[in-house]
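*Asks:* Handing over structure.csv, CSV, C-alpha atoms.
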```
chain,number,residue,atom,x,y,z
L,15,MET,CA,38.4,-92.0,-17.7
L,16,GLU,CA,38.3,-95.7,-16.8
L,17,VAL,CA,34.8,-97.1,-16.6
L,18,LEU,CA,34.5,-100.5,-15.0
L,19,PRO,CA,32.6,-103.2,-17.0
L,20,TRP,CA,29.9,-103.4,-14.3
L,21,VAL,CA,29.2,-99.7,-14.7
L,22,TRP,CA,28.7,-100.2,-18.5
L,23,TRP,CA,26.4,-103.1,-18.0
L,24,LEU,CA,24.4,-101.4,-15.2
L,25,THR,CA,23.9,-98.3,-17.4
L,26,ILE,CA,22.8,-100.4,-20.4
L,27,GLY,CA,20.6,-102.6,-18.2
L,28,VAL,CA,18.8,-99.7,-16.5
L,29,ALA,CA,18.2,-98.0,-19.9
L,30,GLY,CA,17.0,-101.3,-21.4
L,31,VAL,CA,14.5,-101.8,-18.5
L,32,VAL,CA,13.2,-98.3,-18.7
L,33,LEU,CA,12.7,-98.5,-22.5
L,34,ALA,CA,11.2,-102.0,-22.3
L,35,VAL,CA,8.7,-100.9,-19.7
L,36,ASP,CA,7.7,-97.9,-21.8
L,37,VAL,CA,7.1,-100.1,-24.9
L,38,VAL,CA,5.1,-102.6,-23.0
L,39,VAL,CA,2.9,-100.1,-21.2
L,40,ILE,CA,2.3,-98.0,-24.3
L,41,ALA,CA,1.5,-101.2,-26.3
L,42,ARG,CA,-1.1,-102.3,-23.8
L,43,ARG,CA,-2.8,-98.9,-23.7
L,44,PRO,CA,-2.2,-96.9,-26.9
L,45,HIS,CA,-3.3,-93.3,-26.4
L,46,ARG,CA,-2.6,-89.7,-27.0
L,47,PRO,CA,-0.7,-88.7,-23.8
L,48,SER,CA,-1.9,-85.8,-21.7
L,49,THR,CA,0.2,-82.7,-21.1
L,50,ARG,CA,0.6,-83.6,-17.5
L,51,GLU,CA,1.8,-87.1,-18.4
L,52,LEU,CA,4.2,-85.8,-20.9
L,53,SER,CA,5.5,-83.0,-18.5
L,54,VAL,CA,6.1,-85.5,-15.6
L,55,ALA,CA,7.9,-88.0,-17.8
L,56,LEU,CA,10.1,-85.3,-19.6
L,57,GLY,CA,10.8,-83.7,-16.2
L,58,GLY,CA,11.9,-87.1,-15.0
L,59,TYR,CA,14.3,-87.6,-17.9
L,60,VAL,CA,15.8,-84.1,-17.7
L,61,GLY,CA,16.1,-84.3,-13.9
L,62,ALA,CA,17.8,-87.7,-14.2
L,63,ALA,CA,20.3,-86.3,-16.8
L,64,VAL,CA,21.1,-83.3,-14.5
L,65,LEU,CA,21.5,-85.6,-11.5
L,66,PHE,CA,23.8,-87.8,-13.5
L,67,GLY,CA,25.9,-84.9,-14.5
L,68,LEU,CA,26.2,-83.6,-11.0
L,69,GLY,CA,27.0,-87.1,-9.7
L,70,LEU,CA,29.7,-87.3,-12.4
L,71,TRP,CA,31.1,-83.9,-11.2
L,72,TRP,CA,31.3,-85.3,-7.6
L,73,VAL,CA,32.9,-88.6,-8.7
L,74,ALA,CA,35.1,-87.6,-11.6
L,75,GLY,CA,35.5,-83.8,-11.5
L,76,GLY,CA,34.2,-80.8,-13.4
L,77,ARG,CA,35.9,-81.4,-16.7
L,78,LEU,CA,34.1,-84.7,-17.4
L,79,ALA,CA,30.8,-83.4,-16.0
L,80,GLY,CA,31.2,-80.4,-18.4
L,81,GLU,CA,31.8,-82.7,-21.3
L,82,PHE,CA,28.7,-84.7,-20.4
L,83,PHE,CA,26.5,-81.6,-20.2
L,84,ALA,CA,27.9,-80.1,-23.4
L,85,GLY,CA,27.3,-83.4,-25.2
L,86,TRP,CA,23.9,-83.9,-23.8
L,87,LEU,CA,22.8,-80.3,-24.8
L,88,THR,CA,24.2,-80.8,-28.3
L,89,GLU,CA,22.5,-84.2,-28.8
L,90,TYR,CA,19.2,-82.8,-27.4
L,91,SER,CA,19.3,-79.8,-29.7
L,92,LEU,CA,20.0,-81.9,-32.8
L,93,SER,CA,17.3,-84.3,-31.7
L,94,VAL,CA,14.8,-81.5,-31.6
L,95,ASP,CA,15.6,-80.7,-35.2
L,96,ASN,CA,14.8,-84.4,-36.0
L,97,LEU,CA,11.3,-84.0,-34.7
L,98,PHE,CA,10.3,-82.0,-37.8
L,99,ILE,CA,11.1,-85.0,-39.9
L,100,PHE,CA,9.2,-87.3,-37.5
L,101,ILE,CA,6.1,-85.1,-37.9
L,102,LEU,CA,6.4,-85.4,-41.6
L,103,ILE,CA,6.7,-89.2,-41.4
L,104,MET,CA,3.6,-89.5,-39.2
L,105,ALA,CA,1.7,-87.4,-41.6
L,106,ALA,CA,2.9,-89.3,-44.7
L,107,PHE,CA,1.8,-92.6,-43.3
L,108,SER,CA,-1.4,-91.1,-41.8
L,109,VAL,CA,-0.6,-92.6,-38.4
L,110,PRO,CA,-3.6,-92.4,-36.0
L,111,GLU,CA,-2.8,-90.1,-33.1
L,112,LYS,CA,-3.2,-92.8,-30.4
L,113,LEU,CA,-0.6,-95.0,-32.2
L,114,GLN,CA,2.0,-92.3,-32.6
L,115,GLN,CA,3.4,-92.7,-29.1
L,116,PHE,CA,4.1,-96.4,-29.6
L,117,ALA,CA,5.6,-95.9,-33.1
L,118,LEU,CA,7.9,-93.2,-31.6
L,119,MET,CA,8.9,-95.4,-28.7
L,120,VAL,CA,9.9,-98.4,-30.8
L,121,GLY,CA,11.6,-96.2,-33.4
L,122,ILE,CA,13.7,-94.6,-30.6
L,123,VAL,CA,14.7,-98.0,-29.3
L,124,ILE,CA,15.9,-98.9,-32.8
L,125,ALA,CA,17.7,-95.6,-33.0
L,126,ILE,CA,19.5,-96.2,-29.7
L,127,VAL,CA,20.7,-99.6,-30.8
L,128,LEU,CA,22.0,-98.3,-34.1
L,129,ARG,CA,23.6,-95.3,-32.5
L,130,GLY,CA,25.3,-97.6,-30.0
L,131,ILE,CA,27.0,-99.3,-33.0
L,132,PHE,CA,28.0,-95.9,-34.4
L,133,ILE,CA,29.5,-94.9,-31.0
L,134,ALA,CA,31.5,-98.1,-30.8
L,135,VAL,CA,32.8,-97.7,-34.3
L,136,GLY,CA,33.7,-94.1,-33.7
L,137,ALA,CA,35.5,-94.9,-30.5
L,138,ALA,CA,37.6,-97.7,-32.2
L,139,ALA,CA,38.5,-95.3,-35.1
L,140,ILE,CA,39.6,-92.5,-32.7
L,141,GLU,CA,41.6,-95.0,-30.6
L,142,ARG,CA,43.6,-96.2,-33.7
L,143,PHE,CA,43.7,-93.2,-36.0
L,144,SER,CA,44.1,-89.7,-34.6
L,145,TRP,CA,43.6,-88.3,-38.1
L,146,VAL,CA,39.9,-89.2,-37.9
L,147,PHE,CA,39.4,-85.9,-36.1
L,148,TYR,CA,40.2,-84.2,-39.4
L,149,VAL,CA,37.5,-86.2,-41.1
L,150,PHE,CA,34.9,-85.5,-38.4
L,151,GLY,CA,35.7,-81.8,-38.2
L,152,ALA,CA,35.6,-81.3,-42.0
L,153,PHE,CA,32.3,-83.2,-42.2
L,154,LEU,CA,30.7,-81.1,-39.6
L,155,VAL,CA,31.9,-77.8,-41.2
L,156,TYR,CA,30.6,-79.2,-44.6
L,157,THR,CA,27.2,-80.0,-43.0
L,158,ALA,CA,27.0,-76.5,-41.4
L,159,VAL,CA,27.7,-74.9,-44.8
L,160,GLN,CA,25.1,-77.0,-46.5
L,161,LEU,CA,22.5,-76.0,-43.9
L,162,VAL,CA,23.2,-72.3,-44.5
L,163,ARG,CA,23.2,-72.7,-48.3
L,164,GLN,CA,19.8,-74.5,-48.3
L,165,GLY,CA,18.3,-71.3,-46.8
L,166,GLU,CA,14.6,-71.5,-47.1
L,167,SER,CA,14.4,-74.2,-49.8
L,168,SER,CA,13.5,-77.1,-47.6
L,169,ASP,CA,10.6,-79.3,-48.6
L,170,ASP,CA,7.7,-79.8,-46.3
L,171,GLU,CA,7.0,-83.3,-47.4
L,172,TYR,CA,8.6,-86.6,-46.5
L,173,GLU,CA,10.4,-88.3,-49.3
L,174,GLU,CA,10.9,-92.1,-48.9
L,175,SER,CA,14.5,-93.3,-49.1
L,176,ARG,CA,15.6,-96.0,-51.4
L,177,PHE,CA,15.9,-98.4,-48.4
L,178,MET,CA,12.3,-97.8,-47.4
L,179,ARG,CA,11.1,-98.3,-51.0
L,180,PHE,CA,13.1,-101.6,-51.1
L,181,VAL,CA,11.5,-102.8,-47.8
L,182,GLU,CA,8.0,-101.9,-48.9
L,183,ARG,CA,8.5,-103.8,-52.2
L,184,ARG,CA,9.8,-106.9,-50.3
L,185,LEU,CA,7.2,-107.1,-47.5
L,186,PRO,CA,3.5,-107.9,-48.4
L,187,ALA,CA,1.5,-105.3,-46.5
L,188,THR,CA,-2.0,-104.2,-45.7
L,189,LYS,CA,-3.1,-100.6,-45.9
L,190,SER,CA,-4.9,-100.5,-42.6
L,191,PHE,CA,-3.5,-100.3,-39.1
L,192,ASP,CA,-4.2,-103.1,-36.6
L,193,GLY,CA,-3.6,-101.4,-33.2
L,194,THR,CA,0.0,-101.7,-32.2
L,195,SER,CA,0.5,-104.9,-34.2
L,196,LEU,CA,3.3,-104.9,-36.7
L,197,PHE,CA,1.8,-107.8,-38.6
L,198,THR,CA,-1.7,-109.0,-39.2
L,199,VAL,CA,-3.5,-111.8,-41.0
L,200,GLU,CA,-5.9,-111.1,-43.9
L,201,ASN,CA,-7.5,-113.9,-45.9
L,202,GLY,CA,-5.1,-116.4,-44.4
L,203,LYS,CA,-2.0,-114.4,-45.3
L,204,ARG,CA,0.4,-112.8,-42.8
L,205,LEU,CA,0.9,-109.2,-43.8
L,206,ALA,CA,2.9,-106.2,-42.4
L,207,THR,CA,0.9,-103.3,-41.2
L,208,PRO,CA,1.8,-99.6,-42.0
L,209,LEU,CA,3.0,-99.3,-38.4
L,210,LEU,CA,6.0,-101.5,-39.2
L,211,PHE,CA,7.1,-99.2,-42.0
L,212,VAL,CA,6.6,-96.1,-39.8
L,213,ILE,CA,8.9,-97.6,-37.1
L,214,ILE,CA,11.5,-98.5,-39.7
L,215,ALA,CA,11.3,-95.0,-41.2
L,216,LEU,CA,11.7,-93.4,-37.8
L,217,GLY,CA,14.7,-95.6,-36.8
L,218,THR,CA,16.6,-95.3,-40.1
L,219,THR,CA,15.9,-91.5,-40.4
L,220,ASP,CA,17.5,-91.0,-37.0
L,221,LEU,CA,20.5,-93.1,-38.0
L,222,LEU,CA,21.1,-90.7,-40.9
L,223,PHE,CA,21.1,-87.8,-38.6
L,224,ALA,CA,23.5,-89.6,-36.3
L,225,LEU,CA,26.1,-89.2,-39.1
L,226,ASP,CA,26.7,-85.7,-37.9
L,227,SER,CA,25.5,-85.9,-34.2
L,228,ILE,CA,28.0,-88.7,-33.3
L,229,PRO,CA,31.0,-86.8,-34.7
L,230,ALA,CA,29.7,-83.7,-33.1
L,231,ILE,CA,29.7,-85.2,-29.6
L,232,TYR,CA,33.1,-86.8,-30.1
L,233,GLY,CA,34.3,-83.2,-30.7
L,234,LEU,CA,33.2,-82.5,-27.1
L,235,THR,CA,34.4,-85.6,-25.4
L,236,ARG,CA,36.6,-88.6,-26.2
L,237,GLU,CA,35.0,-90.7,-23.6
L,238,PRO,CA,32.7,-93.4,-25.2
L,239,TYR,CA,30.8,-93.8,-21.9
L,240,LEU,CA,29.9,-90.1,-21.9
L,241,VAL,CA,28.9,-90.3,-25.6
L,242,LEU,CA,26.6,-93.2,-24.8
L,243,THR,CA,24.9,-91.7,-21.8
L,244,ALA,CA,24.5,-88.3,-23.4
L,245,ASN,CA,22.7,-90.0,-26.4
L,246,LEU,CA,20.6,-92.1,-24.1
L,247,PHE,CA,19.3,-89.1,-22.0
L,248,ALA,CA,18.7,-87.1,-25.2
L,249,LEU,CA,16.8,-89.8,-27.1
L,250,MET,CA,14.8,-91.2,-24.1
L,251,GLY,CA,13.0,-87.8,-23.7
L,252,LEU,CA,12.4,-87.3,-27.4
L,253,ARG,CA,8.9,-88.9,-27.4
L,254,GLN,CA,7.6,-86.4,-24.9
L,255,LEU,CA,9.2,-83.5,-26.8
L,256,TYR,CA,7.4,-84.7,-29.9
L,257,PHE,CA,4.0,-84.1,-28.4
L,258,LEU,CA,4.9,-81.1,-26.2
L,259,ILE,CA,6.5,-78.8,-28.7
L,260,GLY,CA,4.8,-79.9,-31.9
L,261,GLY,CA,3.3,-76.4,-32.2
L,262,LEU,CA,6.3,-74.6,-30.7
L,263,LEU,CA,8.6,-76.3,-33.3
L,264,LYS,CA,7.0,-74.2,-36.0
L,265,LYS,CA,8.0,-71.1,-34.2
L,266,LEU,CA,11.7,-72.0,-34.0
L,267,VAL,CA,12.3,-70.6,-37.4
L,268,TYR,CA,16.0,-70.0,-36.8
L,269,LEU,CA,16.7,-73.4,-35.1
L,270,SER,CA,18.6,-74.9,-38.0
L,271,TYR,CA,20.7,-71.8,-38.5
L,272,GLY,CA,21.7,-72.1,-34.8
L,273,LEU,CA,22.5,-75.8,-35.3
L,274,ALA,CA,24.6,-74.9,-38.3
L,275,LEU,CA,26.6,-72.5,-36.2
L,276,LEU,CA,26.9,-75.1,-33.5
L,277,LEU,CA,28.1,-77.8,-35.9
L,278,ALA,CA,30.6,-75.4,-37.4
L,279,PHE,CA,32.0,-74.4,-34.0
L,280,ILE,CA,32.4,-78.1,-33.0
L,281,GLY,CA,33.9,-78.8,-36.4
L,282,VAL,CA,36.6,-76.1,-35.9
L,283,LYS,CA,37.2,-77.5,-32.4
L,284,LEU,CA,37.8,-80.9,-33.9
L,285,VAL,CA,40.2,-79.7,-36.5
L,286,LEU,CA,42.2,-77.7,-33.9
L,287,HIS,CA,42.4,-80.8,-31.8
L,288,ALA,CA,43.6,-82.9,-34.8
L,289,LEU,CA,46.3,-80.3,-35.5
L,290,HIS,CA,47.4,-80.4,-31.9
L,291,GLU,CA,47.8,-84.2,-32.0
L,292,ASN,CA,48.9,-84.3,-35.7
L,293,ASP,CA,50.8,-87.3,-36.9
L,294,LEU,CA,50.1,-87.0,-40.7
L,295,PRO,CA,53.5,-86.8,-42.5
L,296,PHE,CA,52.2,-84.2,-45.0
L,297,VAL,CA,51.0,-81.8,-42.3
L,298,ASN,CA,53.9,-79.9,-40.5
L,299,GLY,CA,56.2,-82.8,-41.3
L,300,GLY,CA,54.2,-85.2,-39.0
L,301,GLU,CA,54.8,-83.0,-36.0
L,302,ASN,CA,52.2,-81.5,-33.7
L,303,VAL,CA,50.9,-78.1,-34.8
L,304,PRO,CA,51.1,-75.5,-31.9
L,305,VAL,CA,47.5,-74.3,-32.1
L,306,PRO,CA,45.3,-73.4,-29.2
L,307,GLU,CA,42.6,-75.9,-28.1
L,308,ILE,CA,39.1,-74.8,-27.0
L,309,PRO,CA,38.5,-75.8,-23.4
L,310,ILE,CA,35.3,-77.6,-22.5
L,311,ALA,CA,34.1,-74.7,-20.3
L,312,VAL,CA,34.3,-72.4,-23.4
L,313,SER,CA,32.5,-75.1,-25.5
L,314,LEU,CA,29.7,-75.5,-23.0
L,315,GLY,CA,29.3,-71.8,-22.7
L,316,ALA,CA,29.2,-71.4,-26.5
L,317,ILE,CA,26.6,-74.2,-26.8
L,318,VAL,CA,24.3,-72.6,-24.2
L,319,VAL,CA,24.7,-69.1,-25.8
L,320,ILE,CA,24.1,-70.3,-29.4
L,321,LEU,CA,21.0,-72.3,-28.4
L,322,GLY,CA,19.6,-69.6,-26.1
L,323,VAL,CA,20.1,-66.8,-28.7
L,324,THR,CA,18.6,-69.0,-31.5
L,325,THR,CA,15.5,-69.7,-29.4
L,326,ALA,CA,15.1,-66.1,-28.3
L,327,LEU,CA,15.5,-64.7,-31.9
L,328,SER,CA,13.1,-67.3,-33.3
L,329,LEU,CA,10.4,-66.5,-30.7
L,330,TRP,CA,10.9,-62.8,-31.2
L,331,ARG,CA,10.6,-63.2,-35.0
L,332,THR,CA,7.4,-65.1,-34.9
L,333,ARG,CA,5.9,-62.8,-32.3
L,334,ARG,CA,6.9,-59.4,-33.7
L,335,GLY,CA,7.4,-60.0,-37.4
L,336,PRO,CA,5.0,-61.0,-40.1
L,337,GLU,CA,3.7,-64.6,-40.2
L,338,PRO,CA,6.5,-66.8,-41.5
L,339,THR,CA,6.1,-68.8,-44.7
L,340,PRO,CA,6.0,-72.6,-44.5
L,341,GLU,CA,9.6,-72.6,-45.8
L,342,GLU,CA,10.6,-70.3,-43.0
L,343,GLU,CA,8.8,-72.4,-40.5
L,344,ALA,CA,10.7,-75.5,-41.7
L,345,GLY,CA,14.1,-73.7,-41.9
L,346,PRO,CA,17.1,-75.5,-43.4
L,347,ARG,CA,17.2,-79.1,-42.4
L,348,ARG,CA,20.2,-81.3,-41.8
L,349,THR,CA,20.6,-83.7,-44.7
L,350,SER,CA,22.9,-86.7,-45.0
L,351,GLY,CA,22.3,-87.4,-48.7
L,352,ASP,CA,19.9,-89.8,-50.2
L,353,PRO,CA,19.6,-92.7,-47.8
L,354,VAL,CA,21.0,-96.1,-48.9
```
Please re-express this file's structure in structure tokens.
*Replies:*
Amino acid sequence: MEVLPWVWWLTIGVAGVVLAVDVVVIARRPHRPSTRELSVALGGYVGAAVLFGLGLWWVAGGRLAGEFFAGWLTEYSLSVDNLFIFILIMAAFSVPEKLQQFALMVGIVIAIVLRGIFIAVGAAAIERFSWVFYVFGAFLVYTAVQLVRQGESSDDEYEESRFMRFVERRLPATKSFDGTSLFTVENGKRLATPLLFVIIALGTTDLLFALDSIPAIYGLTREPYLVLTANLFALMGLRQLYFLIGGLLKKLVYLSYGLALLLAFIGVKLVLHALHENDLPFVNGGENVPVPEIPIAVSLGAIVVILGVTTALSLWRTRRGPEPTPEEEAGPRRTSGDPV
């Protein structure tokens, strides 16, 4: 798929304008958004993603459109799991409800920029080294196994990373919020507000989760443009999901088990692809291994089935079974080790 430079710049420009307008509007009127406001905005983002996919189908064919939809659904589902951590961060910093929307918006902008760097690095690595698919696939399978092994042992408290502790030690700060300001002046001294640390925590936490979400989407498409657009559409609607499904999130008790299965499936797909294009001298003498590859139609169907069954079982469990414990509500969470 050859994407002309102006298409790249137009896509980035439109996304930048939408995000900038969101940040400015929210900064001027911080508030707890209404359900109608959230539903309209989320419907707009989802509708735009669907229209983009259909337009891609018309322009470039069903295979690339299927890759986009599979990548978008995967990134969206992994992003929903991130919301649990975002809720813990907001609670740990005692963020006023009217400021949470602004913190999320700026944190998402940071996450998009950092993920853009990850996407570019991943594309460069894939272009030069075909064996990187082995690494991506093995990492996703490892992450899936870790999710299952964690079982119901997840903590329900936010633990600051070493990076966050370092930032807090280096930046003089006040303990009180000052609207949407990231810095304030007290006794003639310029101090950081807690909102700055919240935004940094949100952005860097999402970056950690990108360590498995970016390899996962490269398991579904090798087109950097589709990887970028799928991530943009998934992250741009994340703020609305945070407020809309805060209560529903506690009912998705099997979500992370479904994500573990999803990551394992994509990991196996990546390994099969790596074997199919093998050039490592110690694997089959450097020759391609004649293994079947999973077509994108099967991948898209598997993603829809896994997410659908996971959601249905979770809702059935919370409706028909006994009340889940806090650990069950949390479920196993994706971890990427102790942040640097």
*Asks:* Which residues are close to Phe279 (chain L), i.e. within 12 Å by all atoms listed in the file, leaving aside same-chain residues fewer than 2 positions away? Reply as number ranges by chain.
*Replies:* L: 88, 151-152, 154-159, 230-231, 233-234, 272-277, 281-286, 308, 312-317, 320
*Asks:* Tell me, as a VMD selection string, which residues lie within 8 Å of Met250 (chain L), counting all atoms listed in the file; anything in the same chain fewer than 3 positions away does not count.
*Replies:* chain L and resid 33 59 122 246 to 247 253
*Asks:* Interatomic distance between CA of Pro110 (chain L) and CA of Arg183 (chain L)?
*Replies:* 23.2 Å
*Asks:* Between CA of Thr218 (chain L) and CA of Arg129 (chain L), what is the distance, to one decimal in Å?
*Replies:* 10.3 Å
*Asks:* In Å, how far is it from CA of Tyr271 (chain L) to CA of Ser144 (chain L)?
*Replies:*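 Computing it gives 29.7 Å between the two atoms.
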*Asks:* Given all atoms listed in the file as the basis, pick out the residue of L:Val73, L:Ala278, L:Ala63, L:Leu196 nearest to Gln160 (chain L).
*Replies:* L:Ala278
*Asks:* Give the answer as one residue: which of L:Leu255, L:Val267, L:Ala244, L:Val21 has the shortest atom-to-atom distance to Asn96 (chain L), using all atoms listed in the file?
*Replies:*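 Closest residue, counting all atoms listed in the file: L:Leu255.
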*Asks:* Considering all atoms listed in the file, can you say which of L:Thr25, L:Gly193, L:Val212, L:Phe180 comes closest to Met104 (chain L)?
*Replies:*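 Of the candidates, the smallest distance to Met104 (chain L) is held by L:Val212.
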*Asks:* Would you mind completing region 213-226 of chain L to N, CA, C and O atoms and writing the output as a tab-separated table (two decimals), keeping the file's coordinate frame?
*Replies:*
```tsv
chain	number	residue	atom	x	y	z
L	213	ILE	N	7.80	-97.37	-38.11
L	213	ILE	CA	8.90	-97.60	-37.10
L	213	ILE	C	10.22	-97.69	-37.82
L	213	ILE	O	11.22	-97.11	-37.36
L	214	ILE	N	10.28	-98.41	-38.93
L	214	ILE	CA	11.50	-98.50	-39.70
L	214	ILE	C	11.98	-97.17	-40.20
L	214	ILE	O	13.16	-96.82	-40.14
L	215	ALA	N	11.01	-96.38	-40.70
L	215	ALA	CA	11.30	-95.00	-41.20
L	215	ALA	C	11.88	-94.16	-40.11
L	215	ALA	O	12.86	-93.42	-40.30
L	216	LEU	N	11.28	-94.20	-38.92
L	216	LEU	CA	11.70	-93.40	-37.80
L	216	LEU	C	13.15	-93.78	-37.38
L	216	LEU	O	14.02	-92.93	-37.18
L	217	GLY	N	13.39	-95.09	-37.25
L	217	GLY	CA	14.70	-95.60	-36.80
L	217	GLY	C	15.81	-95.25	-37.78
L	217	GLY	O	16.88	-94.78	-37.40
L	218	THR	N	15.57	-95.50	-39.07
L	218	THR	CA	16.60	-95.30	-40.10
L	218	THR	C	16.83	-93.79	-40.33
L	218	THR	O	17.96	-93.38	-40.63
L	219	THR	N	15.78	-92.99	-40.21
L	219	THR	CA	15.90	-91.50	-40.40
L	219	THR	C	16.84	-90.98	-39.28
L	219	THR	O	17.74	-90.17	-39.53
L	220	ASP	N	16.63	-91.43	-38.05
L	220	ASP	CA	17.50	-91.00	-37.00
L	220	ASP	C	18.92	-91.42	-37.17
L	220	ASP	O	19.86	-90.69	-36.83
L	221	LEU	N	19.10	-92.61	-37.76
L	221	LEU	CA	20.50	-93.10	-38.00
L	221	LEU	C	21.18	-92.17	-38.98
L	221	LEU	O	22.38	-91.89	-38.82
L	222	LEU	N	20.47	-91.66	-39.98
L	222	LEU	CA	21.10	-90.70	-40.90
L	222	LEU	C	21.55	-89.46	-40.23
L	222	LEU	O	22.64	-88.95	-40.50
L	223	PHE	N	20.72	-88.96	-39.32
L	223	PHE	CA	21.10	-87.80	-38.60
L	223	PHE	C	22.25	-88.02	-37.62
L	223	PHE	O	22.96	-87.09	-37.21
L	224	ALA	N	22.41	-89.30	-37.21
L	224	ALA	CA	23.50	-89.60	-36.30
L	224	ALA	C	24.86	-89.47	-37.04
L	224	ALA	O	25.90	-89.39	-36.39
L	225	LEU	N	24.84	-89.39	-38.37
L	225	LEU	CA	26.10	-89.20	-39.10
L	225	LEU	C	26.77	-87.90	-38.77
L	225	LEU	O	27.99	-87.76	-38.93
L	226	ASP	N	26.01	-86.91	-38.32
L	226	ASP	CA	26.70	-85.70	-37.90
L	226	ASP	C	26.59	-85.50	-36.35
L	226	ASP	O	27.46	-84.87	-35.77
```
